[in-house]
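Visitor: Got a structure here, written out as structure tokens. Questions coming.
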Amino acid sequence: MSHERFMAHALALGRRGLGRVWPNPAVGCVIVQDGRIVGRGFTQPGGRPHAETMALAQAGDAARGATVYVTLEPCSHHGHTPPCAQALIDAGVAHVVGAIQDSDPRVNGAGFDMLHSALPIVLMDGSPRPAEIASGSQAHRRGDWCTACGPIMTRFWLGQAQRVRMILC
């Protein structure tokens, strides 16, 4: 499977949380080792646990050296949970493919910066729109994402499945 197919799987997982994870955005995460999915997760109702935490728990030791596909930049701050970016680093993942940067001022690039300081490569390509819609990140910041994004996401995602901006760390 290609990066796009694994990211499409992560986006599909993230959709499961739409309308149920406020105040957090709906995020999906897939962990891949040697072409096989070893962990997957999505933000749970009420916003916790985060998608990365669920996927890492499922992957266990198989996360070491794996590639992680996540639909929104992993958090980098201590809130109700420790930073997901640090959890990915601590798990020993080799690469992180992120669809879009989190617009939350507490993160806003700091999660990717944290990952990039520990992991080697950054690659960007395509359009962020499907992931923005799937995570609800833009409307979520306005406070109305659960009603605004669900129907829009479905129509847009089905028509634009291969157009995702990815950041590979």
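All residue names refer to the structure tokens as shown: chains lettered A, B, ... in order, residues numbered from 1 in each chain, ligands numbered from 1 in order.
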Please extract the residues of stretch 79-129 of chain A with a backbone DSSP assignment of alpha helix (DSSP H) and present them as a PyMOL selection string.

Guide: chain A and resi 84-91+110-118+129

Visitor: Neighbouring residues of stretch 6-11 of chain A were defined as those with any atom within 6 Å, considering only C-alpha atoms; residues of the same chain fewer than 6 positions away were excluded. Please report them as a count of residues only.

Guide: 4

Visitor: Check the smallest atom-to-atom distance from each of A:Gln86, A:Gln44, A:Gln101, A:Thr67 to A:His3 using only C-alpha atoms, then report the winner.

Guide: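 So, comparing all the options, the nearest one is A:Thr67.
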
Visitor: Pick out the closest residue to A:Thr43 from this set: A:Gly65, A:Gly60, A:Gly111, A:Gly17. Count only C-alpha atoms.

Guide: A:Gly17

Visitor: Using only C-alpha atoms for the distances, tell me which of A:Ala85, A:Val21, A:Ala91, A:Gly35 is nearest to A:Ala59.

Guide: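 Among the listed residues, the smallest separation from A:Ala59 belongs to A:Ala91.
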
Visitor: Measuring atom to atom with only C-alpha atoms, identify which of A:Ala110, A:Leu72, A:Ile31, A:Leu119 is nearest to A:His95.

Guide: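 Counting only C-alpha atoms, the residue closest to A:His95 is A:Leu119.
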
Visitor: Check the smallest atom-to-atom distance from each of A:Arg15, A:His50, A:Arg64, A:Arg20 to A:Val38 using only C-alpha atoms, then report the winner.

Guide: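 Residue with the minimum atom-to-atom distance to A:Val38: A:Arg64.
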
Visitor: Between atom CA of A:Asp61 and atom CA of A:Arg48, what is the distance, to one decimal in Å?

Guide: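 Interatomic distance, atom CA of A:Asp61 to atom CA of A:Arg48: 22.1 Å.
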
Visitor: Closest to A:Val32 among A:Ala51, A:Ala94, A:Met114, A:Gly79, using only C-alpha atoms?

Guide: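 When distances to A:Val32 are compared using only C-alpha atoms, the smallest one comes from A:Ala94.
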